[in-house]
file target_13.cif (mmCIF, N, CA, C and O atoms)
data_final
#
loop_
_atom_site.label_atom_id
_atom_site.label_comp_id
_atom_site.auth_asym_id
_atom_site.auth_seq_id
_atom_site.Cartn_x
_atom_site.Cartn_y
_atom_site.Cartn_z
N MET A 879 4.28 6.39 -13.94
CA MET A 879 3.85 5.16 -14.60
C MET A 879 4.40 5.16 -16.01
O MET A 879 4.21 6.09 -16.76
N ALA A 880 5.04 4.09 -16.34
CA ALA A 880 5.60 3.96 -17.68
C ALA A 880 4.78 2.95 -18.46
O ALA A 880 4.19 2.05 -17.91
N ALA A 881 4.75 3.12 -19.75
CA ALA A 881 4.02 2.19 -20.60
C ALA A 881 4.85 1.89 -21.85
O ALA A 881 5.43 2.80 -22.44
N ASN A 882 4.89 0.61 -22.22
CA ASN A 882 5.59 0.21 -23.44
C ASN A 882 4.80 0.60 -24.67
O ASN A 882 5.33 0.98 -25.68
N ASN A 883 3.50 0.44 -24.59
CA ASN A 883 2.60 0.87 -25.66
C ASN A 883 1.25 1.17 -25.02
O ASN A 883 1.12 1.16 -23.81
N ALA A 884 0.25 1.42 -25.80
CA ALA A 884 -1.05 1.81 -25.28
C ALA A 884 -1.72 0.70 -24.48
O ALA A 884 -2.58 0.98 -23.65
N ASP A 885 -1.34 -0.57 -24.68
CA ASP A 885 -2.01 -1.68 -24.02
C ASP A 885 -1.26 -2.23 -22.80
O ASP A 885 -1.82 -2.97 -22.03
N GLN A 886 0.00 -1.88 -22.63
CA GLN A 886 0.81 -2.51 -21.59
C GLN A 886 1.36 -1.48 -20.61
O GLN A 886 2.14 -0.61 -20.97
N VAL A 887 0.94 -1.61 -19.34
CA VAL A 887 1.42 -0.73 -18.28
C VAL A 887 2.54 -1.44 -17.55
O VAL A 887 2.46 -2.63 -17.26
N VAL A 888 3.61 -0.73 -17.23
CA VAL A 888 4.75 -1.29 -16.51
C VAL A 888 4.62 -0.92 -15.04
O VAL A 888 4.49 0.26 -14.70
N PHE A 889 4.65 -1.92 -14.16
CA PHE A 889 4.54 -1.70 -12.73
C PHE A 889 5.90 -1.86 -12.07
O PHE A 889 6.70 -2.71 -12.47
N ASP A 890 6.16 -1.03 -11.05
CA ASP A 890 7.38 -1.16 -10.27
C ASP A 890 7.25 -2.37 -9.34
O ASP A 890 6.15 -2.73 -8.93
N LYS A 891 8.39 -2.98 -9.02
CA LYS A 891 8.39 -4.12 -8.10
C LYS A 891 8.45 -3.62 -6.67
O LYS A 891 9.17 -2.66 -6.37
N VAL A 892 7.73 -4.27 -5.77
CA VAL A 892 7.74 -3.89 -4.36
C VAL A 892 9.16 -3.94 -3.81
O VAL A 892 9.58 -3.06 -3.05
N ALA A 893 9.95 -4.92 -4.21
CA ALA A 893 11.32 -5.06 -3.72
C ALA A 893 12.21 -3.90 -4.15
O ALA A 893 13.27 -3.68 -3.55
N GLU A 894 11.81 -3.14 -5.15
CA GLU A 894 12.62 -2.03 -5.64
C GLU A 894 12.21 -0.68 -5.04
O GLU A 894 12.83 0.34 -5.35
N ILE A 895 11.18 -0.65 -4.22
CA ILE A 895 10.74 0.61 -3.63
C ILE A 895 11.80 1.12 -2.66
O ILE A 895 12.32 0.39 -1.83
N ASN A 896 12.14 2.40 -2.81
CA ASN A 896 13.13 3.05 -1.94
C ASN A 896 12.81 4.54 -1.87
O ASN A 896 11.81 5.00 -2.42
N ALA A 897 13.66 5.30 -1.23
CA ALA A 897 13.42 6.72 -1.01
C ALA A 897 13.86 7.61 -2.18
O ALA A 897 13.82 8.83 -2.08
N SER A 898 14.22 7.02 -3.30
CA SER A 898 14.72 7.81 -4.42
C SER A 898 13.63 8.62 -5.12
O SER A 898 13.94 9.59 -5.81
N LYS A 899 12.39 8.23 -4.97
CA LYS A 899 11.29 9.00 -5.55
C LYS A 899 10.06 8.86 -4.66
O LYS A 899 9.98 7.98 -3.81
N GLU A 900 9.09 9.73 -4.88
CA GLU A 900 7.90 9.77 -4.03
C GLU A 900 6.72 8.99 -4.59
O GLU A 900 5.79 8.67 -3.86
N SER A 901 6.72 8.70 -5.86
CA SER A 901 5.57 8.07 -6.49
C SER A 901 5.98 6.77 -7.16
O SER A 901 6.93 6.74 -7.95
N TRP A 902 5.25 5.70 -6.86
CA TRP A 902 5.53 4.38 -7.42
C TRP A 902 4.26 3.81 -8.01
O TRP A 902 3.17 4.01 -7.47
N ASN A 903 4.37 3.08 -9.08
CA ASN A 903 3.24 2.43 -9.71
C ASN A 903 3.34 0.93 -9.43
O ASN A 903 4.19 0.25 -10.02
N ILE A 904 2.52 0.44 -8.50
CA ILE A 904 2.59 -0.97 -8.11
C ILE A 904 1.25 -1.66 -8.30
O ILE A 904 0.20 -1.02 -8.21
N ARG A 905 1.31 -2.95 -8.54
CA ARG A 905 0.11 -3.79 -8.58
C ARG A 905 0.28 -4.82 -7.49
O ARG A 905 1.21 -5.62 -7.51
N VAL A 906 -0.63 -4.80 -6.51
CA VAL A 906 -0.52 -5.66 -5.34
C VAL A 906 -1.87 -6.21 -4.94
O VAL A 906 -2.90 -5.72 -5.38
N LYS A 907 -1.83 -7.23 -4.09
CA LYS A 907 -3.02 -7.76 -3.43
C LYS A 907 -2.87 -7.52 -1.94
O LYS A 907 -1.76 -7.57 -1.41
N VAL A 908 -3.97 -7.28 -1.28
CA VAL A 908 -3.97 -7.14 0.18
C VAL A 908 -4.04 -8.54 0.77
O VAL A 908 -4.98 -9.29 0.48
N VAL A 909 -3.04 -8.92 1.58
CA VAL A 909 -3.05 -10.25 2.18
C VAL A 909 -3.42 -10.21 3.66
O VAL A 909 -3.80 -11.24 4.22
N MET A 910 -3.31 -9.04 4.28
CA MET A 910 -3.71 -8.89 5.68
C MET A 910 -4.15 -7.44 5.88
O MET A 910 -3.56 -6.52 5.32
N LEU A 911 -5.19 -7.26 6.68
CA LEU A 911 -5.76 -5.94 6.91
C LEU A 911 -6.18 -5.83 8.37
O LEU A 911 -6.78 -6.76 8.90
N TRP A 912 -5.83 -4.73 9.04
CA TRP A 912 -6.26 -4.52 10.41
C TRP A 912 -6.44 -3.05 10.69
O TRP A 912 -5.94 -2.20 9.96
N LYS A 913 -7.18 -2.75 11.76
CA LYS A 913 -7.51 -1.38 12.14
C LYS A 913 -7.00 -1.10 13.55
O LYS A 913 -7.68 -1.39 14.52
N PRO A 914 -5.80 -0.53 13.67
CA PRO A 914 -5.30 -0.19 15.01
C PRO A 914 -6.16 0.90 15.64
O PRO A 914 -6.67 1.78 14.95
N THR A 915 -6.31 0.83 16.95
CA THR A 915 -7.09 1.83 17.68
C THR A 915 -6.16 2.64 18.59
O THR A 915 -5.02 2.27 18.82
N TYR A 916 -6.70 3.73 19.10
CA TYR A 916 -5.94 4.55 20.04
C TYR A 916 -5.93 3.87 21.41
O TYR A 916 -6.93 3.28 21.82
N ILE A 917 -4.82 3.98 22.13
CA ILE A 917 -4.70 3.36 23.45
C ILE A 917 -5.73 3.94 24.41
O ILE A 917 -6.37 3.21 25.16
N ASN A 918 -5.90 5.26 24.37
CA ASN A 918 -6.83 5.91 25.30
C ASN A 918 -8.28 5.87 24.83
O ASN A 918 -9.18 6.27 25.56
N ASN A 919 -8.53 5.39 23.60
CA ASN A 919 -9.89 5.26 23.10
C ASN A 919 -9.96 4.06 22.15
O ASN A 919 -9.88 4.22 20.93
N PRO A 920 -10.12 2.85 22.69
CA PRO A 920 -10.09 1.65 21.85
C PRO A 920 -11.26 1.53 20.87
O PRO A 920 -11.26 0.66 20.01
N ASN A 921 -12.26 2.40 20.99
CA ASN A 921 -13.38 2.38 20.05
C ASN A 921 -13.12 3.25 18.82
O ASN A 921 -13.90 3.23 17.88
N MET A 922 -12.03 4.02 18.82
CA MET A 922 -11.73 4.90 17.71
C MET A 922 -10.56 4.33 16.90
O MET A 922 -9.48 4.09 17.42
N VAL A 923 -10.79 4.12 15.61
CA VAL A 923 -9.77 3.58 14.72
C VAL A 923 -8.77 4.67 14.38
O VAL A 923 -9.14 5.79 13.99
N ALA A 924 -7.49 4.38 14.54
CA ALA A 924 -6.42 5.35 14.27
C ALA A 924 -5.98 5.33 12.81
O ALA A 924 -5.60 6.36 12.26
N SER A 925 -5.99 4.16 12.20
CA SER A 925 -5.53 4.02 10.82
C SER A 925 -6.02 2.69 10.25
O SER A 925 -6.60 1.88 10.96
N LEU A 926 -5.75 2.51 8.99
CA LEU A 926 -6.02 1.24 8.32
C LEU A 926 -4.66 0.72 7.87
O LEU A 926 -3.99 1.35 7.06
N ASP A 927 -4.23 -0.40 8.43
CA ASP A 927 -2.93 -0.98 8.11
C ASP A 927 -3.11 -2.25 7.29
O ASP A 927 -4.11 -2.96 7.45
N MET A 928 -2.16 -2.52 6.42
CA MET A 928 -2.28 -3.71 5.57
C MET A 928 -0.92 -4.21 5.15
O MET A 928 0.06 -3.48 5.14
N ILE A 929 -0.87 -5.49 4.84
CA ILE A 929 0.29 -6.10 4.21
C ILE A 929 -0.10 -6.33 2.75
O ILE A 929 -1.14 -6.92 2.46
N LEU A 930 0.76 -5.86 1.85
CA LEU A 930 0.53 -5.99 0.42
C LEU A 930 1.57 -6.93 -0.17
O LEU A 930 2.71 -6.97 0.29
N ILE A 931 1.19 -7.68 -1.19
CA ILE A 931 2.11 -8.60 -1.86
C ILE A 931 2.00 -8.40 -3.37
O ILE A 931 0.90 -8.24 -3.91
N ASP A 932 3.16 -8.37 -4.04
CA ASP A 932 3.14 -8.23 -5.49
C ASP A 932 3.23 -9.59 -6.17
O ASP A 932 3.28 -10.63 -5.50
N GLN A 933 3.27 -9.58 -7.48
CA GLN A 933 3.25 -10.82 -8.27
C GLN A 933 4.48 -11.69 -8.02
O GLN A 933 4.43 -12.90 -8.18
N GLU A 934 5.58 -11.08 -7.60
CA GLU A 934 6.81 -11.83 -7.34
C GLU A 934 6.91 -12.35 -5.91
O GLU A 934 7.87 -13.00 -5.55
N GLY A 935 5.92 -12.01 -5.07
CA GLY A 935 5.91 -12.48 -3.70
C GLY A 935 6.54 -11.53 -2.70
O GLY A 935 6.63 -11.84 -1.52
N SER A 936 6.98 -10.37 -3.14
CA SER A 936 7.55 -9.37 -2.22
C SER A 936 6.41 -8.70 -1.45
O SER A 936 5.38 -8.37 -2.03
N ARG A 937 6.64 -8.49 -0.16
CA ARG A 937 5.62 -7.90 0.70
C ARG A 937 6.07 -6.55 1.24
O ARG A 937 7.26 -6.30 1.39
N ILE A 938 5.07 -5.72 1.54
CA ILE A 938 5.33 -4.42 2.14
C ILE A 938 4.14 -4.05 3.01
O ILE A 938 3.00 -4.44 2.71
N GLN A 939 4.40 -3.36 4.11
CA GLN A 939 3.32 -2.88 4.97
C GLN A 939 2.95 -1.48 4.54
O GLN A 939 3.82 -0.65 4.23
N ALA A 940 1.66 -1.19 4.53
CA ALA A 940 1.16 0.13 4.17
C ALA A 940 0.18 0.61 5.23
O ALA A 940 -0.54 -0.19 5.82
N THR A 941 0.16 1.91 5.47
CA THR A 941 -0.74 2.51 6.45
C THR A 941 -1.49 3.67 5.80
O THR A 941 -0.87 4.51 5.15
N ILE A 942 -2.80 3.71 6.02
CA ILE A 942 -3.61 4.85 5.62
C ILE A 942 -4.06 5.52 6.90
O ILE A 942 -4.78 4.93 7.70
N LYS A 943 -3.60 6.75 7.12
CA LYS A 943 -3.93 7.49 8.34
C LYS A 943 -5.41 7.85 8.35
O LYS A 943 -6.05 7.97 7.30
N LYS A 944 -5.94 8.03 9.53
CA LYS A 944 -7.34 8.36 9.68
C LYS A 944 -7.71 9.64 8.95
O LYS A 944 -8.83 9.80 8.48
N SER A 945 -6.78 10.57 8.82
CA SER A 945 -7.07 11.86 8.19
C SER A 945 -7.35 11.73 6.70
O SER A 945 -7.90 12.64 6.09
N TYR A 946 -6.99 10.61 6.08
CA TYR A 946 -7.28 10.37 4.67
C TYR A 946 -8.58 9.61 4.54
O TYR A 946 -8.92 8.78 5.37
N SER A 947 -9.30 9.86 3.48
CA SER A 947 -10.53 9.10 3.24
C SER A 947 -10.60 8.70 1.78
O SER A 947 -10.07 9.40 0.91
N CYS A 948 -11.23 7.60 1.52
CA CYS A 948 -11.38 7.11 0.16
C CYS A 948 -12.68 7.63 -0.42
O CYS A 948 -13.70 7.73 0.26
N ILE A 949 -12.65 7.95 -1.69
CA ILE A 949 -13.86 8.43 -2.36
C ILE A 949 -14.31 7.38 -3.35
O ILE A 949 -13.54 6.83 -4.06
#
call {"tool": "encode", "arguments": {"input": "target_13.cif", "output": "structure tokens"}}
result
Amino acid sequence: MAANNADQVVFDKVAEINASKESWNIRVKVVMLWKPTYINNPNMVASLDMILIDQEGSRIQATIKKSYSCI
């Protein structure tokens, strides 16, 4: 995360995300959210998937695997 000064945080653009680094600082809104299930167990959620959109309108899909949990 880069900052111009103490009050202004610089966010990376979704359209600029690539494999050149592992960590990106983005500001997005969730525009779609769904919970895929396992084929052999439709009652068990496999992950949390979402479509994210940044201020410029660029979209990206993101997945949170079941093994991760939010605190």
call {"tool": "select_by_dssp", "arguments": {"input": "target_13.cif", "residues": "range 890-930 of chain A", "states": "strand (DSSP E)", "output": "list in words"}}
result
Lys907, Val908, Val909, Met910, Leu911, Trp912, Thr915, Tyr916, Asn919, Pro920, Asn921, Met922, Val923, Ser925, Leu926, Asp927, Met928, Ile929 and Leu930 of chain A
call {"tool": "write_last_selection", "arguments": {"input": "target_13.cif", "atoms": "N, CA, C and O atoms", "output": "PDB file, in the frame of the given file"}}
result
ATOM      1  N   LYS A 907      -1.830  -7.230  -4.090  1.00  0.00           N
ATOM      2  CA  LYS A 907      -3.020  -7.760  -3.430  1.00  0.00           C
ATOM      3  C   LYS A 907      -2.870  -7.520  -1.940  1.00  0.00           C
ATOM      4  O   LYS A 907      -1.760  -7.570  -1.410  1.00  0.00           O
ATOM      5  N   VAL A 908      -3.970  -7.280  -1.280  1.00  0.00           N
ATOM      6  CA  VAL A 908      -3.970  -7.140   0.180  1.00  0.00           C
ATOM      7  C   VAL A 908      -4.040  -8.540   0.770  1.00  0.00           C
ATOM      8  O   VAL A 908      -4.980  -9.290   0.480  1.00  0.00           O
ATOM      9  N   VAL A 909      -3.040  -8.920   1.580  1.00  0.00           N
ATOM     10  CA  VAL A 909      -3.050 -10.250   2.180  1.00  0.00           C
ATOM     11  C   VAL A 909      -3.420 -10.210   3.660  1.00  0.00           C
ATOM     12  O   VAL A 909      -3.800 -11.240   4.220  1.00  0.00           O
ATOM     13  N   MET A 910      -3.310  -9.040   4.280  1.00  0.00           N
ATOM     14  CA  MET A 910      -3.710  -8.890   5.680  1.00  0.00           C
ATOM     15  C   MET A 910      -4.150  -7.440   5.880  1.00  0.00           C
ATOM     16  O   MET A 910      -3.560  -6.520   5.320  1.00  0.00           O
ATOM     17  N   LEU A 911      -5.190  -7.260   6.680  1.00  0.00           N
ATOM     18  CA  LEU A 911      -5.760  -5.940   6.910  1.00  0.00           C
ATOM     19  C   LEU A 911      -6.180  -5.830   8.370  1.00  0.00           C
ATOM     20  O   LEU A 911      -6.780  -6.760   8.900  1.00  0.00           O
ATOM     21  N   TRP A 912      -5.830  -4.730   9.040  1.00  0.00           N
ATOM     22  CA  TRP A 912      -6.260  -4.520  10.410  1.00  0.00           C
ATOM     23  C   TRP A 912      -6.440  -3.050  10.690  1.00  0.00           C
ATOM     24  O   TRP A 912      -5.940  -2.200   9.960  1.00  0.00           O
ATOM     25  N   THR A 915      -6.310   0.830  16.950  1.00  0.00           N
ATOM     26  CA  THR A 915      -7.090   1.830  17.680  1.00  0.00           C
ATOM     27  C   THR A 915      -6.160   2.640  18.590  1.00  0.00           C
ATOM     28  O   THR A 915      -5.020   2.270  18.820  1.00  0.00           O
ATOM     29  N   TYR A 916      -6.700   3.730  19.100  1.00  0.00           N
ATOM     30  CA  TYR A 916      -5.940   4.550  20.040  1.00  0.00           C
ATOM     31  C   TYR A 916      -5.930   3.870  21.410  1.00  0.00           C
ATOM     32  O   TYR A 916      -6.930   3.280  21.820  1.00  0.00           O
ATOM     33  N   ASN A 919      -8.530   5.390  23.600  1.00  0.00           N
ATOM     34  CA  ASN A 919      -9.890   5.260  23.100  1.00  0.00           C
ATOM     35  C   ASN A 919      -9.960   4.060  22.150  1.00  0.00           C
ATOM     36  O   ASN A 919      -9.880   4.220  20.930  1.00  0.00           O
ATOM     37  N   PRO A 920     -10.120   2.850  22.690  1.00  0.00           N
ATOM     38  CA  PRO A 920     -10.090   1.650  21.850  1.00  0.00           C
ATOM     39  C   PRO A 920     -11.260   1.530  20.870  1.00  0.00           C
ATOM     40  O   PRO A 920     -11.260   0.660  20.010  1.00  0.00           O
ATOM     41  N   ASN A 921     -12.260   2.400  20.990  1.00  0.00           N
ATOM     42  CA  ASN A 921     -13.380   2.380  20.050  1.00  0.00           C
ATOM     43  C   ASN A 921     -13.120   3.250  18.820  1.00  0.00           C
ATOM     44  O   ASN A 921     -13.900   3.230  17.880  1.00  0.00           O
ATOM     45  N   MET A 922     -12.030   4.020  18.820  1.00  0.00           N
ATOM     46  CA  MET A 922     -11.730   4.900  17.710  1.00  0.00           C
ATOM     47  C   MET A 922     -10.560   4.330  16.900  1.00  0.00           C
ATOM     48  O   MET A 922      -9.480   4.090  17.420  1.00  0.00           O
ATOM     49  N   VAL A 923     -10.790   4.120  15.610  1.00  0.00           N
ATOM     50  CA  VAL A 923      -9.770   3.580  14.720  1.00  0.00           C
ATOM     51  C   VAL A 923      -8.770   4.670  14.380  1.00  0.00           C
ATOM     52  O   VAL A 923      -9.140   5.790  13.990  1.00  0.00           O
ATOM     53  N   SER A 925      -5.990   4.160  12.200  1.00  0.00           N
ATOM     54  CA  SER A 925      -5.530   4.020  10.820  1.00  0.00           C
ATOM     55  C   SER A 925      -6.020   2.690  10.250  1.00  0.00           C
ATOM     56  O   SER A 925      -6.600   1.880  10.960  1.00  0.00           O
ATOM     57  N   LEU A 926      -5.750   2.510   8.990  1.00  0.00           N
ATOM     58  CA  LEU A 926      -6.020   1.240   8.320  1.00  0.00           C
ATOM     59  C   LEU A 926      -4.660   0.720   7.870  1.00  0.00           C
ATOM     60  O   LEU A 926      -3.990   1.350   7.060  1.00  0.00           O
ATOM     61  N   ASP A 927      -4.230  -0.400   8.430  1.00  0.00           N
ATOM     62  CA  ASP A 927      -2.930  -0.980   8.110  1.00  0.00           C
ATOM     63  C   ASP A 927      -3.110  -2.250   7.290  1.00  0.00           C
ATOM     64  O   ASP A 927      -4.110  -2.960   7.450  1.00  0.00           O
ATOM     65  N   MET A 928      -2.160  -2.520   6.420  1.00  0.00           N
ATOM     66  CA  MET A 928      -2.280  -3.710   5.570  1.00  0.00           C
ATOM     67  C   MET A 928      -0.920  -4.210   5.150  1.00  0.00           C
ATOM     68  O   MET A 928       0.060  -3.480   5.140  1.00  0.00           O
ATOM     69  N   ILE A 929      -0.870  -5.490   4.840  1.00  0.00           N
ATOM     70  CA  ILE A 929       0.290  -6.100   4.210  1.00  0.00           C
ATOM     71  C   ILE A 929      -0.100  -6.330   2.750  1.00  0.00           C
ATOM     72  O   ILE A 929      -1.140  -6.920   2.460  1.00  0.00           O
ATOM     73  N   LEU A 930       0.760  -5.860   1.850  1.00  0.00           N
ATOM     74  CA  LEU A 930       0.530  -5.990   0.420  1.00  0.00           C
ATOM     75  C   LEU A 930       1.570  -6.930  -0.170  1.00  0.00           C
ATOM     76  O   LEU A 930       2.710  -6.970   0.290  1.00  0.00           O
TER      77      LEU A 930
END
call {"tool": "atom_distance", "arguments": {"input": "target_13.cif", "atom1": "CA of Asp932 in chain A", "atom2": "CA of Ile904 in chain A"}}
result
7.7 Å
call {"tool": "residues_around", "arguments": {"input": "target_13.cif", "residues": "Val923 in chain A", "least_positions_apart": "5", "cutoff": "8 Å", "atoms": "all atoms listed in the file", "output": "JSON list (two decimals) with N, CA, C and O atoms, keeping the file's coordinate frame"}}
result
[["chain", "number", "residue", "atom", "x", "y", "z"],
["A", 913, "LYS", "N", -7.18, -2.75, 11.76],
["A", 913, "LYS", "CA", -7.51, -1.38, 12.14],
["A", 913, "LYS", "C", -7.00, -1.10, 13.55],
["A", 913, "LYS", "O", -7.68, -1.39, 14.52],
["A", 914, "PRO", "N", -5.80, -0.53, 13.67],
["A", 914, "PRO", "CA", -5.30, -0.19, 15.01],
["A", 914, "PRO", "C", -6.16, 0.90, 15.64],
["A", 914, "PRO", "O", -6.67, 1.78, 14.95],
["A", 915, "THR", "N", -6.31, 0.83, 16.95],
["A", 915, "THR", "CA", -7.09, 1.83, 17.68],
["A", 915, "THR", "C", -6.16, 2.64, 18.59],
["A", 915, "THR", "O", -5.02, 2.27, 18.82],
["A", 916, "TYR", "N", -6.70, 3.73, 19.10],
["A", 916, "TYR", "CA", -5.94, 4.55, 20.04],
["A", 916, "TYR", "C", -5.93, 3.87, 21.41],
["A", 916, "TYR", "O", -6.93, 3.28, 21.82],
["A", 942, "ILE", "N", -2.80, 3.71, 6.02],
["A", 942, "ILE", "CA", -3.61, 4.85, 5.62],
["A", 942, "ILE", "C", -4.06, 5.52, 6.90],
["A", 942, "ILE", "O", -4.78, 4.93, 7.70],
["A", 943, "LYS", "N", -3.60, 6.75, 7.12],
["A", 943, "LYS", "CA", -3.93, 7.49, 8.34],
["A", 943, "LYS", "C", -5.41, 7.85, 8.35],
["A", 943, "LYS", "O", -6.05, 7.97, 7.30],
["A", 944, "LYS", "N", -5.94, 8.03, 9.53],
["A", 944, "LYS", "CA", -7.34, 8.36, 9.68],
["A", 944, "LYS", "C", -7.71, 9.64, 8.95],
["A", 944, "LYS", "O", -8.83, 9.80, 8.48],
["A", 945, "SER", "N", -6.78, 10.57, 8.82],
["A", 945, "SER", "CA", -7.07, 11.86, 8.19],
["A", 945, "SER", "C", -7.35, 11.73, 6.70],
["A", 945, "SER", "O", -7.90, 12.64, 6.09]]
call {"tool": "atom_distance", "arguments": {"input": "target_13.cif", "atom1": "CA of Leu926 in chain A", "atom2": "CA of Trp912 in chain A"}}
result
6.1 Å
call {"tool": "atom_distance", "arguments": {"input": "target_13.cif", "atom1": "atom O of Met910 in chain A", "atom2": "atom N of Met928 in chain A"}}
result
4.4 Å
call {"tool": "closest_residue", "arguments": {"input": "target_13.cif", "among": "A:Glu894, A:Lys899, A:Val887, A:Lys907", "to": "Gln933 in chain A", "atoms": "only N, CA, C and O atoms"}}
result
A:Lys907
call {"tool": "closest_residue", "arguments": {"input": "target_13.cif", "among": "A:Met922, A:Ala893, A:Val888, A:Ile929", "to": "Val909 in chain A", "atoms": "only N, CA, C and O atoms"}}
result
A:Ile929
call {"tool": "residues_around", "arguments": {"input": "target_13.cif", "residues": "Leu930 in chain A", "least_positions_apart": "4", "cutoff": "8 Å", "atoms": "all atoms listed in the file", "output": "MDAnalysis selection string"}}
result
chainID A and resid 892 905:911 935:940
call {"tool": "closest_residue", "arguments": {"input": "target_13.cif", "among": "A:Ser925, A:Thr941, A:Asn903, A:Asn919", "to": "Lys891 in chain A", "atoms": "all atoms listed in the file"}}
result
A:Asn903
